[in-house]
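K.L.:
This is the structure, below, for whatever I ask next.
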Amino acid sequence: MKTWVPSESVAAALSDLPGIECAVYNSTTPMPEGVEEVEVWVPPLVTVPDVPGTLARMTSLRLVQTVTAGVEPYRPHMPEGAVLCNARGVHDAGTAEWAVGAMIAVLREFPGFVDAQRRGEWTYHPTDVLADSRVVIVGYGSIGSALERRLEGFEVEVVRVARRARDGVHAMDELPALLPDADVVVLLVPATPDTAGMVDAAFLARMKDGAVLVNAARGSIVDTDALVAELKTGRLRAALDVTAPEPLPEGHPLWSAPNVLITPHIAGSTPASERRTLRLIRAQLERYVAGEELVNVITDEY
């Protein structure tokens, strides 16, 4: 069974499974031979060139197992008869930890104090604090749940928002009424046609003065120009692990905007995520070889 995997470590994790022939294909390697014979594809974290064209050539494809929770590069182009599964859960710890660290860094003004340290200046002044804040989690799934667990010791109120209402969770159409009372808004929604540009000028205008926008989802969720405009007024603050465009080019207005912390899409890039990814792929391929039911199957947009 020809299987393309993103790294030698994944190939090693599958090496003793019967009948699996692994070839490494990622954004830095040439495409291996035999694309039309590939039955299982585990794409890399950084997408390879021409995903639609690659999938169209995979005439024997039966399973795509991503290493990300998001599946937007693959979902619209899946060949008939192939199953798409995501890596729900493997990046929960890293992303949730980043979100907590990012909101604390912005509220306690760590970037500014680091700049002062480099200048050798003692810039004493009071800062904001996470305690007693209202944190609205937009896209309350497995990462949102992991984030809430990590916030339990910080004496905050967590407000949960998801596509559909359920016990203790607000529906997305209730979000506009929740924004004016939020001290921190954390974006964890997937990239879909419905979420593209959802954080627009109107969304940002509903946020209260001094609130912090934390984006650990996808850059396409936020209207970048609208966010830059708000940041320049000093009314809002932000912590971004993802941007649009991405990578953020040199000279882009976001780099010089005030009150924003930017990291280069590293929230889930941790040793814990790598270990959990290997375990997931191994277990998934064991199920596939045995003809058992797969996990994390994408049946809708996500």
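Residues are named by chain letter and number: chains run A, B, ... in the order of the structure tokens, numbers start at 1 in each chain, and ligands are numbered from 1 in the order shown.
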Once you count only C-alpha atoms, what closest atom pair and distance in Å to one decimal does each residue of region 133-182 of chain A within 8 Å of region 94-115 of chain A have, with rows by chain and rising residue number, as a tab-separated table?
P.N.:
```
residue	atom	partner	partner_atom	distance
A:Ile143	CA	A:Ala96	CA	6.2
A:Gly144	CA	A:Ala96	CA	7.3
A:Ala146	CA	A:Ala96	CA	6.0
A:Leu147	CA	A:Ala96	CA	4.5
A:Arg150	CA	A:Ala96	CA	7.3
A:Leu151	CA	A:Val100	CA	7.3
```
K.L.:
Please dump the current selection as a PDB file, in the first residue's frame; keep all heavy atoms.
P.N.:
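To be explicit, this is the file written out as part12.pdb:
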```
ATOM      1  N   ILE A 143      -9.910  22.499  21.209  1.00  0.00           N
ATOM      2  CA  ILE A 143      -8.897  23.474  21.631  1.00  0.00           C
ATOM      3  C   ILE A 143      -9.511  24.455  22.627  1.00  0.00           C
ATOM      4  O   ILE A 143      -8.883  24.824  23.627  1.00  0.00           O
ATOM      5  CB  ILE A 143      -8.316  24.220  20.423  1.00  0.00           C
ATOM      6  CG1 ILE A 143      -7.574  23.251  19.495  1.00  0.00           C
ATOM      7  CG2 ILE A 143      -7.350  25.325  20.886  1.00  0.00           C
ATOM      8  CD1 ILE A 143      -7.049  23.893  18.222  1.00  0.00           C
ATOM      9  N   GLY A 144     -10.741  24.886  22.372  1.00  0.00           N
ATOM     10  CA  GLY A 144     -11.416  25.779  23.303  1.00  0.00           C
ATOM     11  C   GLY A 144     -11.567  25.171  24.675  1.00  0.00           C
ATOM     12  O   GLY A 144     -11.387  25.838  25.699  1.00  0.00           O
ATOM     13  N   ALA A 146      -9.598  22.840  25.926  1.00  0.00           N
ATOM     14  CA  ALA A 146      -8.257  22.810  26.511  1.00  0.00           C
ATOM     15  C   ALA A 146      -7.866  24.190  27.043  1.00  0.00           C
ATOM     16  O   ALA A 146      -7.235  24.313  28.098  1.00  0.00           O
ATOM     17  CB  ALA A 146      -7.248  22.334  25.471  1.00  0.00           C
ATOM     18  N   LEU A 147      -8.243  25.227  26.318  1.00  0.00           N
ATOM     19  CA  LEU A 147      -7.959  26.590  26.772  1.00  0.00           C
ATOM     20  C   LEU A 147      -8.697  26.897  28.068  1.00  0.00           C
ATOM     21  O   LEU A 147      -8.119  27.464  29.008  1.00  0.00           O
ATOM     22  CB  LEU A 147      -8.348  27.588  25.681  1.00  0.00           C
ATOM     23  CG  LEU A 147      -8.259  29.072  26.051  1.00  0.00           C
ATOM     24  CD1 LEU A 147      -6.861  29.451  26.513  1.00  0.00           C
ATOM     25  CD2 LEU A 147      -8.706  29.933  24.875  1.00  0.00           C
ATOM     26  N   ARG A 150      -7.012  25.492  31.053  1.00  0.00           N
ATOM     27  CA  ARG A 150      -5.803  26.222  31.441  1.00  0.00           C
ATOM     28  C   ARG A 150      -6.114  27.579  32.056  1.00  0.00           C
ATOM     29  O   ARG A 150      -5.268  28.154  32.731  1.00  0.00           O
ATOM     30  CB  ARG A 150      -4.886  26.361  30.217  1.00  0.00           C
ATOM     31  CG  ARG A 150      -4.164  25.053  29.917  1.00  0.00           C
ATOM     32  CD  ARG A 150      -3.729  24.941  28.479  1.00  0.00           C
ATOM     33  NE  ARG A 150      -3.002  23.698  28.261  1.00  0.00           N
ATOM     34  CZ  ARG A 150      -3.585  22.501  28.109  1.00  0.00           C
ATOM     35  NH1 ARG A 150      -4.913  22.402  28.159  1.00  0.00           N
ATOM     36  NH2 ARG A 150      -2.862  21.409  27.930  1.00  0.00           N
ATOM     37  N   LEU A 151      -7.301  28.090  31.823  1.00  0.00           N
ATOM     38  CA  LEU A 151      -7.696  29.379  32.391  1.00  0.00           C
ATOM     39  C   LEU A 151      -8.325  29.249  33.777  1.00  0.00           C
ATOM     40  O   LEU A 151      -8.588  30.273  34.424  1.00  0.00           O
ATOM     41  CB  LEU A 151      -8.691  30.075  31.453  1.00  0.00           C
ATOM     42  CG  LEU A 151      -8.126  30.655  30.157  1.00  0.00           C
ATOM     43  CD1 LEU A 151      -9.257  31.111  29.242  1.00  0.00           C
ATOM     44  CD2 LEU A 151      -7.169  31.806  30.445  1.00  0.00           C
TER      45      LEU A 151
END
```
K.L.:
Taking the chain letters and numbering used in this document, name the residues of region 116-241 of chain A that DSSP puts in strand (DSSP E or B), as a PyMOL selection string.
P.N.:
chain A and resi 134-138+157-162+166+169-171+184-187+199+212-215+222+237-240
K.L.:
Restricting the calculation to only C-alpha atoms, which member of A:Arg282, A:Arg149, A:Arg160, A:Arg166 is positioned closest to Val10 (chain A)?
P.N.:
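Closest to Val10 (chain A), using only C-alpha atoms: A:Arg282.
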K.L.:
What are the DSSP alpha helix (DSSP H) residues of region 25-145 of chain A, as JSON, numbers by chain?
P.N.:
{"A": [51, 52, 53, 54, 55, 56, 57, 92, 93, 94, 95, 96, 97, 98, 99, 100, 101, 102, 103, 104, 105, 106, 107, 110, 111, 112, 113, 114, 115, 116, 117, 118, 119, 142, 143, 144, 145]}
K.L.:
List the neighbours of Val135 (chain A) out to 7 Å using only C-alpha atoms; skip same-chain residues closer than 5 positions along the sequence, and give me the result as a short mmCIF file (atom, residue, chain, number, x, y, z; two decimals) with N, CA, C and O atoms, in the first residue's frame.
P.N.:
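Saved to part_25.cif:
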```cif
data_model
loop_
_atom_site.label_atom_id
_atom_site.label_comp_id
_atom_site.auth_asym_id
_atom_site.auth_seq_id
_atom_site.Cartn_x
_atom_site.Cartn_y
_atom_site.Cartn_z
N VAL A 156 -11.02 34.01 35.87
CA VAL A 156 -11.70 34.68 34.78
C VAL A 156 -13.07 34.04 34.55
O VAL A 156 -13.33 32.92 35.00
N GLU A 157 -13.91 34.74 33.85
CA GLU A 157 -15.19 34.19 33.39
C GLU A 157 -15.03 33.80 31.93
O GLU A 157 -14.64 34.62 31.10
N VAL A 158 -15.32 32.56 31.62
CA VAL A 158 -15.22 32.07 30.25
C VAL A 158 -16.60 32.02 29.62
O VAL A 158 -17.54 31.47 30.21
N VAL A 159 -16.73 32.61 28.44
CA VAL A 159 -17.98 32.57 27.67
C VAL A 159 -17.69 31.76 26.41
O VAL A 159 -16.79 32.10 25.65
N ALA A 182 -16.76 41.72 26.44
CA ALA A 182 -15.59 40.84 26.45
C ALA A 182 -14.32 41.64 26.68
O ALA A 182 -14.09 42.66 26.03
N ASP A 183 -13.49 41.17 27.60
CA ASP A 183 -12.16 41.76 27.79
C ASP A 183 -11.15 41.12 26.84
O ASP A 183 -10.21 41.77 26.40
N VAL A 184 -11.35 39.83 26.56
CA VAL A 184 -10.50 39.09 25.63
C VAL A 184 -11.39 38.27 24.72
O VAL A 184 -12.31 37.60 25.20
N VAL A 185 -11.13 38.32 23.42
CA VAL A 185 -11.86 37.49 22.45
C VAL A 185 -10.84 36.58 21.77
O VAL A 185 -9.90 37.06 21.13
#
```
K.L.:
Measuring atom to atom with only C-alpha atoms, identify which of A:Asp300, A:Glu292, A:Asp167, A:Glu274 is nearest to His91 (chain A).
P.N.:
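The shortest atom-to-atom distance to His91 (chain A) comes from A:Glu274.
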K.L.:
I'd like the interatomic distance between CA of Ala171 (chain A) and CA of Gly89 (chain A), to a tenth of an Å.
P.N.:
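Value for the CA of Ala171 (chain A)-CA of Gly89 (chain A) distance: 22.1 Å.
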K.L.:
Skip region 218-222 of chain A itself and residues of its chain fewer than 5 positions away, then list as a ChimeraX atom specification all residues within 6 Å of it, counting only C-alpha atoms.
P.N.:
/A:195-199,242-244
K.L.:
Determine the nearest neighbour of Arg235 (chain A) from the options A:Lys2, A:Lys208, A:His252, A:His77, counting only C-alpha atoms.
P.N.:
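Smallest separation from Arg235 (chain A) among the options: A:Lys208.
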K.L.:
If we count only C-alpha atoms, what is near Ala290 (chain A) at a cut-off of 12 Å, once residues fewer than 6 positions away on the same chain are taken out, given as an MDAnalysis selection string?
P.N.:
chainID A and resid 17:19 283:284
K.L.:
Using all heavy atoms, can you export the residues from the last selection as a PDB file, in the first residue's frame?
P.N.:
```pdb
ATOM      1  N   LEU A  17       4.238  -1.712  10.240  1.00  0.00           N
ATOM      2  CA  LEU A  17       2.875  -2.082   9.863  1.00  0.00           C
ATOM      3  C   LEU A  17       2.918  -2.872   8.564  1.00  0.00           C
ATOM      4  O   LEU A  17       3.593  -2.481   7.611  1.00  0.00           O
ATOM      5  CB  LEU A  17       2.002  -0.842   9.687  1.00  0.00           C
ATOM      6  CG  LEU A  17       1.608  -0.093  10.967  1.00  0.00           C
ATOM      7  CD1 LEU A  17       0.707   1.088  10.624  1.00  0.00           C
ATOM      8  CD2 LEU A  17       0.930  -1.005  11.956  1.00  0.00           C
ATOM      9  N   PRO A  18       2.199  -3.977   8.487  1.00  0.00           N
ATOM     10  CA  PRO A  18       2.299  -4.852   7.311  1.00  0.00           C
ATOM     11  C   PRO A  18       1.745  -4.193   6.048  1.00  0.00           C
ATOM     12  O   PRO A  18       0.687  -3.569   6.072  1.00  0.00           O
ATOM     13  CB  PRO A  18       1.450  -6.066   7.707  1.00  0.00           C
ATOM     14  CG  PRO A  18       0.511  -5.571   8.762  1.00  0.00           C
ATOM     15  CD  PRO A  18       1.269  -4.513   9.501  1.00  0.00           C
ATOM     16  N   GLY A  19       2.493  -4.333   4.962  1.00  0.00           N
ATOM     17  CA  GLY A  19       1.999  -3.917   3.650  1.00  0.00           C
ATOM     18  C   GLY A  19       2.090  -2.442   3.346  1.00  0.00           C
ATOM     19  O   GLY A  19       1.646  -2.010   2.283  1.00  0.00           O
ATOM     20  N   ALA A 283      -2.043   5.115  15.036  1.00  0.00           N
ATOM     21  CA  ALA A 283      -3.311   4.470  15.400  1.00  0.00           C
ATOM     22  C   ALA A 283      -4.301   4.487  14.231  1.00  0.00           C
ATOM     23  O   ALA A 283      -5.020   3.513  14.002  1.00  0.00           O
ATOM     24  CB  ALA A 283      -3.917   5.170  16.616  1.00  0.00           C
ATOM     25  N   GLN A 284      -4.324   5.593  13.475  1.00  0.00           N
ATOM     26  CA  GLN A 284      -5.235   5.693  12.341  1.00  0.00           C
ATOM     27  C   GLN A 284      -4.885   4.679  11.257  1.00  0.00           C
ATOM     28  O   GLN A 284      -5.765   4.031  10.679  1.00  0.00           O
ATOM     29  CB  GLN A 284      -5.200   7.110  11.776  1.00  0.00           C
ATOM     30  CG  GLN A 284      -6.270   7.407  10.745  1.00  0.00           C
ATOM     31  CD  GLN A 284      -7.626   7.701  11.350  1.00  0.00           C
ATOM     32  OE1 GLN A 284      -8.195   6.848  12.057  1.00  0.00           O
ATOM     33  NE2 GLN A 284      -8.163   8.874  11.092  1.00  0.00           N
TER      34      GLN A 284
END
```
K.L.:
Between A:Pro245, A:Arg57, A:Asp223, A:Ser27, which residue has the minimum interatomic distance to Leu45 (chain A), considering only C-alpha atoms?
P.N.:
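Closest residue, counting only C-alpha atoms: A:Ser27.
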K.L.:
Grab the CA of Gly251 (chain A) to CA of Val228 (chain A) distance for me, in Å with one decimal place.
P.N.:
13.3 Å
K.L.:
Select, from A:Pro249, A:Thr192, A:Gly168, A:Leu261, the residue with the minimum atom-to-atom distance to Val214 (chain A), counting only C-alpha atoms.
P.N.:
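Looking only at the distances to Val214 (chain A), the closest residue turns out to be A:Leu261.
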K.L.:
Could you tell me how far CA of Arg164 (chain A) sits from CA of Ala69 (chain A), in Å to one decimal place?
P.N.:
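Interatomic distance, CA of Ala69 (chain A) to CA of Arg164 (chain A): 19.0 Å.
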